[in-house]
>>> print(open('query-v3.txt').read())   # compact mmCIF, N, CA and C atoms and all ligand atoms
# COMPACT_ATOMS: atom_id res chain seq x y z
N MET S 222 32.17 23.43 -42.03
CA MET S 222 33.45 23.28 -41.32
C MET S 222 34.56 23.93 -42.14
N ALA S 223 35.29 24.82 -41.50
CA ALA S 223 36.38 25.47 -42.21
C ALA S 223 37.54 24.49 -42.43
N PHE S 224 38.33 24.77 -43.44
CA PHE S 224 39.55 23.97 -43.63
C PHE S 224 40.75 24.90 -43.79
N GLN S 225 41.92 24.36 -43.50
CA GLN S 225 43.14 25.17 -43.46
C GLN S 225 44.20 24.65 -44.41
N GLY S 226 45.09 25.57 -44.80
CA GLY S 226 46.22 25.18 -45.62
C GLY S 226 47.36 26.15 -45.43
N SER S 227 48.46 25.86 -46.08
CA SER S 227 49.64 26.72 -45.93
C SER S 227 50.59 26.49 -47.10
N CYS S 228 51.57 27.39 -47.21
CA CYS S 228 52.69 27.13 -48.12
C CYS S 228 53.58 26.08 -47.47
N HIS S 229 54.73 25.79 -48.06
CA HIS S 229 55.56 24.73 -47.50
C HIS S 229 56.28 25.14 -46.23
N CYS S 230 56.82 26.36 -46.20
CA CYS S 230 57.62 26.78 -45.03
C CYS S 230 56.72 27.26 -43.89
N GLY S 231 55.45 27.52 -44.19
CA GLY S 231 54.51 27.92 -43.14
C GLY S 231 54.40 29.42 -42.95
N ALA S 232 55.12 30.20 -43.74
CA ALA S 232 55.04 31.67 -43.62
C ALA S 232 53.64 32.16 -43.99
N VAL S 233 53.01 31.45 -44.95
CA VAL S 233 51.67 31.83 -45.41
C VAL S 233 50.70 30.74 -44.98
N LYS S 234 49.65 31.18 -44.25
CA LYS S 234 48.61 30.23 -43.83
C LYS S 234 47.26 30.79 -44.27
N PHE S 235 46.34 29.89 -44.58
CA PHE S 235 45.00 30.35 -44.90
C PHE S 235 43.97 29.43 -44.28
N SER S 236 42.80 30.01 -44.05
CA SER S 236 41.66 29.26 -43.54
C SER S 236 40.47 29.63 -44.40
N VAL S 237 39.75 28.60 -44.89
CA VAL S 237 38.61 28.84 -45.78
C VAL S 237 37.34 28.46 -45.02
N ASP S 238 36.42 29.40 -44.93
CA ASP S 238 35.18 29.19 -44.21
C ASP S 238 34.18 28.46 -45.11
N ALA S 239 34.47 27.19 -45.34
CA ALA S 239 33.62 26.35 -46.20
C ALA S 239 34.01 24.90 -45.96
N ASP S 240 33.12 23.98 -46.39
CA ASP S 240 33.47 22.56 -46.30
C ASP S 240 34.57 22.25 -47.30
N LEU S 241 35.36 21.27 -46.97
CA LEU S 241 36.41 20.81 -47.88
C LEU S 241 35.75 20.33 -49.18
N PRO S 242 36.15 20.89 -50.31
CA PRO S 242 35.47 20.49 -51.56
C PRO S 242 35.80 19.05 -51.98
N LYS S 243 34.88 18.47 -52.75
CA LYS S 243 35.08 17.11 -53.27
C LYS S 243 35.53 17.15 -54.71
N GLN S 244 35.53 18.37 -55.27
CA GLN S 244 35.93 18.54 -56.67
C GLN S 244 37.07 19.56 -56.75
N ALA S 245 37.88 19.42 -57.78
CA ALA S 245 38.93 20.39 -58.02
C ALA S 245 39.09 20.58 -59.52
N MET S 246 39.62 21.72 -59.88
CA MET S 246 39.84 22.01 -61.29
C MET S 246 41.32 21.90 -61.63
N SER S 247 41.58 21.21 -62.70
CA SER S 247 42.94 21.11 -63.22
C SER S 247 42.94 21.81 -64.58
N CYS S 248 43.86 22.74 -64.75
CA CYS S 248 43.86 23.58 -65.95
C CYS S 248 45.15 23.37 -66.73
N ASN S 249 45.06 23.45 -68.06
CA ASN S 249 46.23 23.17 -68.90
C ASN S 249 46.85 24.43 -69.47
N CYS S 250 46.55 25.61 -68.88
CA CYS S 250 47.13 26.85 -69.41
C CYS S 250 48.63 26.87 -69.10
N SER S 251 49.30 27.88 -69.63
CA SER S 251 50.77 27.89 -69.58
C SER S 251 51.31 27.91 -68.16
N ILE S 252 50.59 28.51 -67.21
CA ILE S 252 51.12 28.54 -65.85
C ILE S 252 50.63 27.35 -65.03
N CYS S 253 49.35 26.97 -65.18
CA CYS S 253 48.82 25.86 -64.38
C CYS S 253 49.52 24.54 -64.71
N ARG S 254 49.85 24.34 -65.97
CA ARG S 254 50.51 23.08 -66.30
C ARG S 254 51.88 23.00 -65.65
N ARG S 255 52.50 24.16 -65.43
CA ARG S 255 53.81 24.19 -64.77
C ARG S 255 53.69 24.04 -63.26
N LYS S 256 52.64 24.67 -62.69
CA LYS S 256 52.48 24.63 -61.23
C LYS S 256 51.86 23.32 -60.76
N GLY S 257 51.00 22.74 -61.59
CA GLY S 257 50.33 21.49 -61.21
C GLY S 257 49.30 21.65 -60.13
N THR S 258 48.70 22.83 -60.05
CA THR S 258 47.73 23.08 -58.98
C THR S 258 46.41 22.35 -59.22
N LEU S 259 45.74 22.00 -58.13
CA LEU S 259 44.36 21.51 -58.14
C LEU S 259 43.56 22.57 -57.41
N MET S 260 42.70 23.27 -58.15
CA MET S 260 42.08 24.47 -57.62
C MET S 260 40.61 24.29 -57.24
N ALA S 261 40.22 25.03 -56.20
CA ALA S 261 38.81 25.15 -55.83
C ALA S 261 38.57 26.62 -55.54
N PHE S 262 37.39 27.12 -55.95
CA PHE S 262 37.15 28.55 -55.95
C PHE S 262 36.21 28.98 -54.82
N PHE S 263 36.58 30.07 -54.16
CA PHE S 263 35.79 30.61 -53.05
C PHE S 263 35.82 32.14 -53.10
N PRO S 264 34.73 32.79 -52.62
CA PRO S 264 34.78 34.25 -52.51
C PRO S 264 35.91 34.65 -51.54
N ALA S 265 36.63 35.72 -51.86
CA ALA S 265 37.76 36.15 -51.03
C ALA S 265 37.33 36.39 -49.58
N ALA S 266 36.08 36.81 -49.38
CA ALA S 266 35.58 37.10 -48.04
C ALA S 266 35.59 35.85 -47.15
N LYS S 267 35.59 34.69 -47.76
CA LYS S 267 35.57 33.44 -46.98
C LYS S 267 36.98 32.93 -46.68
N VAL S 268 37.98 33.61 -47.20
CA VAL S 268 39.36 33.14 -47.02
C VAL S 268 40.11 34.09 -46.09
N LYS S 269 40.54 33.56 -44.97
CA LYS S 269 41.34 34.34 -44.02
C LYS S 269 42.80 34.03 -44.23
N LEU S 270 43.62 35.09 -44.26
CA LEU S 270 45.05 34.92 -44.55
C LEU S 270 45.90 35.30 -43.36
N GLU S 271 47.02 34.63 -43.27
CA GLU S 271 48.03 34.95 -42.28
C GLU S 271 49.36 34.98 -43.02
N GLY S 272 50.16 36.01 -42.80
CA GLY S 272 51.47 36.07 -43.45
C GLY S 272 51.44 36.65 -44.84
N GLU S 273 50.53 37.60 -45.07
CA GLU S 273 50.42 38.21 -46.41
C GLU S 273 51.72 38.85 -46.88
N ASP S 274 52.54 39.34 -45.92
CA ASP S 274 53.81 39.98 -46.28
C ASP S 274 54.76 39.02 -46.95
N ALA S 275 54.56 37.73 -46.72
CA ALA S 275 55.46 36.72 -47.28
C ALA S 275 55.13 36.40 -48.73
N LEU S 276 54.01 36.94 -49.23
CA LEU S 276 53.56 36.61 -50.59
C LEU S 276 54.11 37.55 -51.64
N LYS S 277 54.29 37.02 -52.82
CA LYS S 277 54.58 37.84 -53.97
C LYS S 277 53.58 37.44 -55.05
N GLY S 278 53.09 38.43 -55.79
CA GLY S 278 52.11 38.15 -56.83
C GLY S 278 52.75 38.15 -58.21
N TYR S 279 52.30 37.23 -59.03
CA TYR S 279 52.79 37.14 -60.41
C TYR S 279 51.61 37.27 -61.35
N GLN S 280 51.78 38.14 -62.35
CA GLN S 280 50.71 38.32 -63.34
C GLN S 280 51.31 38.22 -64.74
N PHE S 281 50.49 37.80 -65.69
CA PHE S 281 50.95 37.76 -67.08
C PHE S 281 49.74 37.92 -67.98
N ASN S 282 49.97 37.96 -69.25
CA ASN S 282 48.90 38.03 -70.23
C ASN S 282 48.00 39.23 -69.95
N LYS S 283 46.73 39.01 -69.64
CA LYS S 283 45.79 40.13 -69.47
C LYS S 283 45.78 40.69 -68.05
N HIS S 284 46.59 40.14 -67.17
CA HIS S 284 46.70 40.60 -65.78
C HIS S 284 45.36 40.57 -65.05
N ARG S 285 44.52 39.63 -65.42
CA ARG S 285 43.23 39.51 -64.75
C ARG S 285 43.34 38.71 -63.46
N LEU S 286 44.35 37.84 -63.42
CA LEU S 286 44.54 36.98 -62.26
C LEU S 286 45.89 37.28 -61.63
N THR S 287 45.96 37.10 -60.31
CA THR S 287 47.24 37.20 -59.63
C THR S 287 47.56 35.84 -59.06
N HIS S 288 48.74 35.33 -59.40
CA HIS S 288 49.20 34.04 -58.91
C HIS S 288 50.12 34.31 -57.72
N TRP S 289 49.61 34.06 -56.52
CA TRP S 289 50.38 34.38 -55.32
C TRP S 289 51.28 33.21 -54.94
N PHE S 290 52.51 33.55 -54.58
CA PHE S 290 53.43 32.51 -54.12
C PHE S 290 54.26 33.03 -52.95
N CYS S 291 54.76 32.11 -52.16
CA CYS S 291 55.56 32.45 -50.98
C CYS S 291 56.98 32.81 -51.42
N LYS S 292 57.46 33.97 -50.95
CA LYS S 292 58.78 34.44 -51.34
C LYS S 292 59.89 33.54 -50.80
N THR S 293 59.59 32.78 -49.75
CA THR S 293 60.62 31.93 -49.15
C THR S 293 60.67 30.55 -49.79
N CYS S 294 59.52 29.87 -49.86
CA CYS S 294 59.56 28.48 -50.33
C CYS S 294 59.06 28.31 -51.76
N GLY S 295 58.48 29.37 -52.35
CA GLY S 295 58.11 29.31 -53.76
C GLY S 295 56.81 28.60 -54.06
N ILE S 296 56.11 28.13 -53.01
CA ILE S 296 54.86 27.40 -53.23
C ILE S 296 53.71 28.38 -53.51
N HIS S 297 52.83 27.97 -54.43
CA HIS S 297 51.66 28.80 -54.80
C HIS S 297 50.42 28.30 -54.05
N PRO S 298 50.07 28.93 -52.92
CA PRO S 298 48.91 28.42 -52.17
C PRO S 298 47.56 28.80 -52.79
N PHE S 299 47.53 29.91 -53.51
CA PHE S 299 46.25 30.33 -54.11
C PHE S 299 46.49 31.42 -55.16
N GLY S 300 45.46 31.64 -55.95
CA GLY S 300 45.45 32.74 -56.89
C GLY S 300 44.27 33.63 -56.58
N GLY S 301 44.20 34.76 -57.23
CA GLY S 301 43.09 35.67 -56.97
C GLY S 301 42.68 36.41 -58.23
N GLY S 302 41.42 36.79 -58.25
CA GLY S 302 40.91 37.55 -59.37
C GLY S 302 39.46 37.92 -59.13
N ILE S 303 38.87 38.63 -60.08
CA ILE S 303 37.48 39.04 -59.97
C ILE S 303 36.63 38.08 -60.80
N GLY S 304 35.62 37.49 -60.16
CA GLY S 304 34.75 36.54 -60.84
C GLY S 304 33.84 37.23 -61.84
N PRO S 305 33.13 36.44 -62.66
CA PRO S 305 32.25 36.99 -63.70
C PRO S 305 31.18 37.92 -63.13
N ASP S 306 30.78 37.70 -61.88
CA ASP S 306 29.73 38.55 -61.29
C ASP S 306 30.32 39.72 -60.49
N GLY S 307 31.63 39.94 -60.60
CA GLY S 307 32.25 41.07 -59.92
C GLY S 307 32.76 40.76 -58.52
N THR S 308 32.54 39.53 -58.03
CA THR S 308 33.00 39.15 -56.70
C THR S 308 34.49 38.84 -56.74
N GLU S 309 35.21 39.33 -55.72
CA GLU S 309 36.62 38.98 -55.63
C GLU S 309 36.72 37.52 -55.19
N MET S 310 37.48 36.75 -55.95
CA MET S 310 37.56 35.30 -55.71
C MET S 310 38.99 34.87 -55.37
N ARG S 311 39.06 33.72 -54.71
CA ARG S 311 40.36 33.08 -54.49
C ARG S 311 40.29 31.67 -55.07
N ALA S 312 41.31 31.30 -55.81
CA ALA S 312 41.45 29.92 -56.30
C ALA S 312 42.43 29.23 -55.38
N ILE S 313 41.88 28.43 -54.47
CA ILE S 313 42.71 27.76 -53.47
C ILE S 313 43.35 26.52 -54.09
N ASN S 314 44.64 26.38 -53.87
CA ASN S 314 45.37 25.20 -54.34
C ASN S 314 45.19 24.09 -53.31
N LEU S 315 44.34 23.12 -53.64
CA LEU S 315 44.04 22.07 -52.65
C LEU S 315 45.25 21.20 -52.33
N ARG S 316 46.28 21.29 -53.14
CA ARG S 316 47.52 20.56 -52.81
C ARG S 316 48.20 21.16 -51.59
N CYS S 317 47.80 22.37 -51.20
CA CYS S 317 48.36 23.03 -50.01
C CYS S 317 47.50 22.79 -48.78
N VAL S 318 46.48 21.93 -48.91
CA VAL S 318 45.58 21.63 -47.80
C VAL S 318 45.85 20.19 -47.35
N PRO S 319 46.57 20.03 -46.21
CA PRO S 319 46.99 18.68 -45.80
C PRO S 319 45.84 17.69 -45.63
N GLU S 320 44.66 18.16 -45.18
CA GLU S 320 43.58 17.21 -44.92
C GLU S 320 42.81 16.83 -46.19
N ALA S 321 43.10 17.48 -47.31
CA ALA S 321 42.42 17.13 -48.55
C ALA S 321 42.96 15.80 -49.07
N ASP S 322 42.06 14.86 -49.36
CA ASP S 322 42.45 13.57 -49.94
C ASP S 322 42.51 13.76 -51.46
N LEU S 323 43.70 14.04 -51.96
CA LEU S 323 43.85 14.42 -53.37
C LEU S 323 43.36 13.34 -54.32
N ASP S 324 43.58 12.08 -53.96
CA ASP S 324 43.18 10.98 -54.84
C ASP S 324 41.67 10.79 -54.88
N ALA S 325 40.97 11.32 -53.86
CA ALA S 325 39.51 11.16 -53.82
C ALA S 325 38.79 12.31 -54.53
N LEU S 326 39.51 13.35 -54.91
CA LEU S 326 38.87 14.50 -55.56
C LEU S 326 38.40 14.13 -56.96
N SER S 327 37.24 14.62 -57.31
CA SER S 327 36.81 14.48 -58.68
C SER S 327 37.38 15.67 -59.45
N ILE S 328 38.18 15.37 -60.47
CA ILE S 328 38.94 16.41 -61.17
C ILE S 328 38.19 16.88 -62.41
N GLN S 329 37.94 18.17 -62.46
CA GLN S 329 37.32 18.75 -63.66
C GLN S 329 38.44 19.40 -64.48
N LYS S 330 38.57 18.97 -65.71
CA LYS S 330 39.63 19.54 -66.55
C LYS S 330 39.13 20.80 -67.22
N PHE S 331 39.95 21.83 -67.13
CA PHE S 331 39.61 23.09 -67.77
C PHE S 331 40.64 23.38 -68.85
N ASP S 332 40.15 23.65 -70.05
CA ASP S 332 41.04 23.87 -71.18
C ASP S 332 41.47 25.34 -71.25
N GLY S 333 42.24 25.74 -70.24
CA GLY S 333 42.70 27.13 -70.17
C GLY S 333 43.63 27.50 -71.32
N ALA S 334 44.27 26.52 -71.90
CA ALA S 334 45.21 26.79 -73.00
C ALA S 334 44.48 27.34 -74.22
N SER S 335 43.19 27.02 -74.35
CA SER S 335 42.44 27.45 -75.54
C SER S 335 41.62 28.72 -75.30
N VAL S 336 41.67 29.25 -74.10
CA VAL S 336 40.86 30.44 -73.79
C VAL S 336 41.56 31.69 -74.31
ZN ZN S 401 56.56 29.46 -47.69
>>> encode(input="query-v3.txt", output="structure tokens")
Amino acid sequence: MAFQGSCHCGAVKFSVDADLPKQAMSCNCSICRRKGTLMAFFPAAKVKLEGEDALKGYQFNKHRLTHWFCKTCGIHPFGGGIGPDGTEMRAINLRCVPEADLDALSIQKFDGASV
């Protein structure tokens, strides 16, 4: 079953062709600690986007990842990058998915600050 999400103002919408995950990753790197995202990873091919023009990408450090955010409301619905096996991936921010029960997610902590 696919699940859907959006930024706050609704300019950016996404649909992920997968079941709603039960786990999410919380990372302590310099940007994730500021954004407070709870991420789940999917191949980009499984993520359908609407309103791409409303997005702006932010990169830093090694520029391996792009942190996409809505130019209007500033919310970060997802990030993107190339996975270890060469697949283009999307890190979906489950906080932007209204049907996700955030308190029920099993949170995996990732020590991005030390990478
Ligand atoms: Zn927005």
>>> atom_distance(input="query-v3.txt", atom1="atom CA of S:Leu241", atom2="atom CA of S:Ala223")
7.3 Å
>>> atom_distance(input="query-v3.txt", atom1="atom N of S:Gly302", atom2="atom CA of S:Asp324")
26.1 Å
>>> residues_around(input="query-v3.txt", residues="stretch 250-264 of chain S", least_positions_apart="2", cutoff="5 Å", atoms="all atoms listed in the file", output="list in words")
Ala245, Met246, Cys248, Ala266, Lys267, Val268, Glu309, Met310, Arg311, Ala312, Ile313, Asn314, Leu315, Gly333 and Ala334 of chain S
>>> closest_residue(input="query-v3.txt", among="S:Val318, S:Val336, S:Cys228, S:Ile328", to="ligand ZN 401 (chain S)", atoms="only N, CA and C atoms and all ligand atoms")
S:Cys228
>>> closest_residue(input="query-v3.txt", among="S:Arg316, S:His229, S:His297, S:His284", to="ligand ZN 401 (chain S)", atoms="only N, CA and C atoms and all ligand atoms")
S:His229
>>> select_by_dssp(input="query-v3.txt", residues="stretch 241-323 of chain S", states="helix (DSSP H, G or I)", output="PyMOL selection string")
chain S and resi 253-256+265-267+273-275+315-317+323
>>> select_by_dssp(input="query-v3.txt", residues="chain S", states="strand (DSSP E)", output="PyMOL selection string")
chain S and resi 224-227+234-237+244-248+260-264+268-271+276-279+286-291+299-303+309-314+327-331
>>> build_atoms(input="query-v3.txt", residues="stretch 250-272 of chain S", atoms="N, CA, C and O atoms", output="PDB file, in the coordinates of the input")
ATOM      1  N   CYS S 250      46.550  25.610 -68.880  1.00  0.00           N
ATOM      2  CA  CYS S 250      47.130  26.850 -69.410  1.00  0.00           C
ATOM      3  C   CYS S 250      48.630  26.870 -69.100  1.00  0.00           C
ATOM      4  O   CYS S 250      49.149  26.027 -68.381  1.00  0.00           O
ATOM      5  N   SER S 251      49.300  27.880 -69.630  1.00  0.00           N
ATOM      6  CA  SER S 251      50.770  27.890 -69.580  1.00  0.00           C
ATOM      7  C   SER S 251      51.310  27.910 -68.160  1.00  0.00           C
ATOM      8  O   SER S 251      52.387  27.372 -67.895  1.00  0.00           O
ATOM      9  N   ILE S 252      50.590  28.510 -67.210  1.00  0.00           N
ATOM     10  CA  ILE S 252      51.120  28.540 -65.850  1.00  0.00           C
ATOM     11  C   ILE S 252      50.630  27.350 -65.030  1.00  0.00           C
ATOM     12  O   ILE S 252      51.400  26.742 -64.287  1.00  0.00           O
ATOM     13  N   CYS S 253      49.350  26.970 -65.180  1.00  0.00           N
ATOM     14  CA  CYS S 253      48.820  25.860 -64.380  1.00  0.00           C
ATOM     15  C   CYS S 253      49.520  24.540 -64.710  1.00  0.00           C
ATOM     16  O   CYS S 253      49.753  23.720 -63.815  1.00  0.00           O
ATOM     17  N   ARG S 254      49.850  24.340 -65.970  1.00  0.00           N
ATOM     18  CA  ARG S 254      50.510  23.080 -66.300  1.00  0.00           C
ATOM     19  C   ARG S 254      51.880  23.000 -65.650  1.00  0.00           C
ATOM     20  O   ARG S 254      52.376  21.931 -65.346  1.00  0.00           O
ATOM     21  N   ARG S 255      52.500  24.160 -65.430  1.00  0.00           N
ATOM     22  CA  ARG S 255      53.810  24.190 -64.770  1.00  0.00           C
ATOM     23  C   ARG S 255      53.690  24.040 -63.260  1.00  0.00           C
ATOM     24  O   ARG S 255      54.535  23.433 -62.612  1.00  0.00           O
ATOM     25  N   LYS S 256      52.640  24.670 -62.690  1.00  0.00           N
ATOM     26  CA  LYS S 256      52.480  24.630 -61.230  1.00  0.00           C
ATOM     27  C   LYS S 256      51.860  23.320 -60.760  1.00  0.00           C
ATOM     28  O   LYS S 256      52.101  22.863 -59.655  1.00  0.00           O
ATOM     29  N   GLY S 257      51.000  22.740 -61.590  1.00  0.00           N
ATOM     30  CA  GLY S 257      50.330  21.490 -61.210  1.00  0.00           C
ATOM     31  C   GLY S 257      49.300  21.650 -60.130  1.00  0.00           C
ATOM     32  O   GLY S 257      49.016  20.722 -59.377  1.00  0.00           O
ATOM     33  N   THR S 258      48.700  22.830 -60.050  1.00  0.00           N
ATOM     34  CA  THR S 258      47.730  23.080 -58.980  1.00  0.00           C
ATOM     35  C   THR S 258      46.410  22.350 -59.220  1.00  0.00           C
ATOM     36  O   THR S 258      46.008  22.112 -60.359  1.00  0.00           O
ATOM     37  N   LEU S 259      45.740  22.000 -58.130  1.00  0.00           N
ATOM     38  CA  LEU S 259      44.360  21.510 -58.140  1.00  0.00           C
ATOM     39  C   LEU S 259      43.560  22.570 -57.410  1.00  0.00           C
ATOM     40  O   LEU S 259      43.726  22.770 -56.210  1.00  0.00           O
ATOM     41  N   MET S 260      42.700  23.270 -58.150  1.00  0.00           N
ATOM     42  CA  MET S 260      42.080  24.470 -57.620  1.00  0.00           C
ATOM     43  C   MET S 260      40.610  24.290 -57.240  1.00  0.00           C
ATOM     44  O   MET S 260      39.880  23.542 -57.875  1.00  0.00           O
ATOM     45  N   ALA S 261      40.220  25.030 -56.200  1.00  0.00           N
ATOM     46  CA  ALA S 261      38.810  25.150 -55.830  1.00  0.00           C
ATOM     47  C   ALA S 261      38.570  26.620 -55.540  1.00  0.00           C
ATOM     48  O   ALA S 261      39.435  27.303 -54.962  1.00  0.00           O
ATOM     49  N   PHE S 262      37.390  27.120 -55.950  1.00  0.00           N
ATOM     50  CA  PHE S 262      37.150  28.550 -55.950  1.00  0.00           C
ATOM     51  C   PHE S 262      36.210  28.980 -54.820  1.00  0.00           C
ATOM     52  O   PHE S 262      35.183  28.349 -54.579  1.00  0.00           O
ATOM     53  N   PHE S 263      36.580  30.070 -54.160  1.00  0.00           N
ATOM     54  CA  PHE S 263      35.790  30.610 -53.050  1.00  0.00           C
ATOM     55  C   PHE S 263      35.820  32.140 -53.100  1.00  0.00           C
ATOM     56  O   PHE S 263      36.835  32.711 -53.524  1.00  0.00           O
ATOM     57  N   PRO S 264      34.730  32.790 -52.620  1.00  0.00           N
ATOM     58  CA  PRO S 264      34.780  34.250 -52.510  1.00  0.00           C
ATOM     59  C   PRO S 264      35.910  34.650 -51.540  1.00  0.00           C
ATOM     60  O   PRO S 264      36.122  33.979 -50.526  1.00  0.00           O
ATOM     61  N   ALA S 265      36.630  35.720 -51.860  1.00  0.00           N
ATOM     62  CA  ALA S 265      37.760  36.150 -51.030  1.00  0.00           C
ATOM     63  C   ALA S 265      37.330  36.390 -49.580  1.00  0.00           C
ATOM     64  O   ALA S 265      38.122  36.190 -48.657  1.00  0.00           O
ATOM     65  N   ALA S 266      36.080  36.810 -49.380  1.00  0.00           N
ATOM     66  CA  ALA S 266      35.580  37.100 -48.040  1.00  0.00           C
ATOM     67  C   ALA S 266      35.590  35.850 -47.150  1.00  0.00           C
ATOM     68  O   ALA S 266      35.586  35.956 -45.918  1.00  0.00           O
ATOM     69  N   LYS S 267      35.590  34.690 -47.760  1.00  0.00           N
ATOM     70  CA  LYS S 267      35.570  33.440 -46.980  1.00  0.00           C
ATOM     71  C   LYS S 267      36.980  32.930 -46.680  1.00  0.00           C
ATOM     72  O   LYS S 267      37.136  31.908 -46.009  1.00  0.00           O
ATOM     73  N   VAL S 268      37.980  33.610 -47.200  1.00  0.00           N
ATOM     74  CA  VAL S 268      39.360  33.140 -47.020  1.00  0.00           C
ATOM     75  C   VAL S 268      40.110  34.090 -46.090  1.00  0.00           C
ATOM     76  O   VAL S 268      40.268  35.264 -46.399  1.00  0.00           O
ATOM     77  N   LYS S 269      40.540  33.560 -44.970  1.00  0.00           N
ATOM     78  CA  LYS S 269      41.340  34.340 -44.020  1.00  0.00           C
ATOM     79  C   LYS S 269      42.800  34.030 -44.230  1.00  0.00           C
ATOM     80  O   LYS S 269      43.180  32.873 -44.331  1.00  0.00           O
ATOM     81  N   LEU S 270      43.620  35.090 -44.260  1.00  0.00           N
ATOM     82  CA  LEU S 270      45.050  34.920 -44.550  1.00  0.00           C
ATOM     83  C   LEU S 270      45.900  35.300 -43.360  1.00  0.00           C
ATOM     84  O   LEU S 270      45.545  36.182 -42.586  1.00  0.00           O
ATOM     85  N   GLU S 271      47.020  34.630 -43.270  1.00  0.00           N
ATOM     86  CA  GLU S 271      48.030  34.950 -42.280  1.00  0.00           C
ATOM     87  C   GLU S 271      49.360  34.980 -43.020  1.00  0.00           C
ATOM     88  O   GLU S 271      49.630  34.076 -43.822  1.00  0.00           O
ATOM     89  N   GLY S 272      50.160  36.010 -42.800  1.00  0.00           N
ATOM     90  CA  GLY S 272      51.470  36.070 -43.450  1.00  0.00           C
ATOM     91  C   GLY S 272      51.440  36.650 -44.840  1.00  0.00           C
ATOM     92  O   GLY S 272      52.230  36.271 -45.695  1.00  0.00           O
TER      93      GLY S 272
END
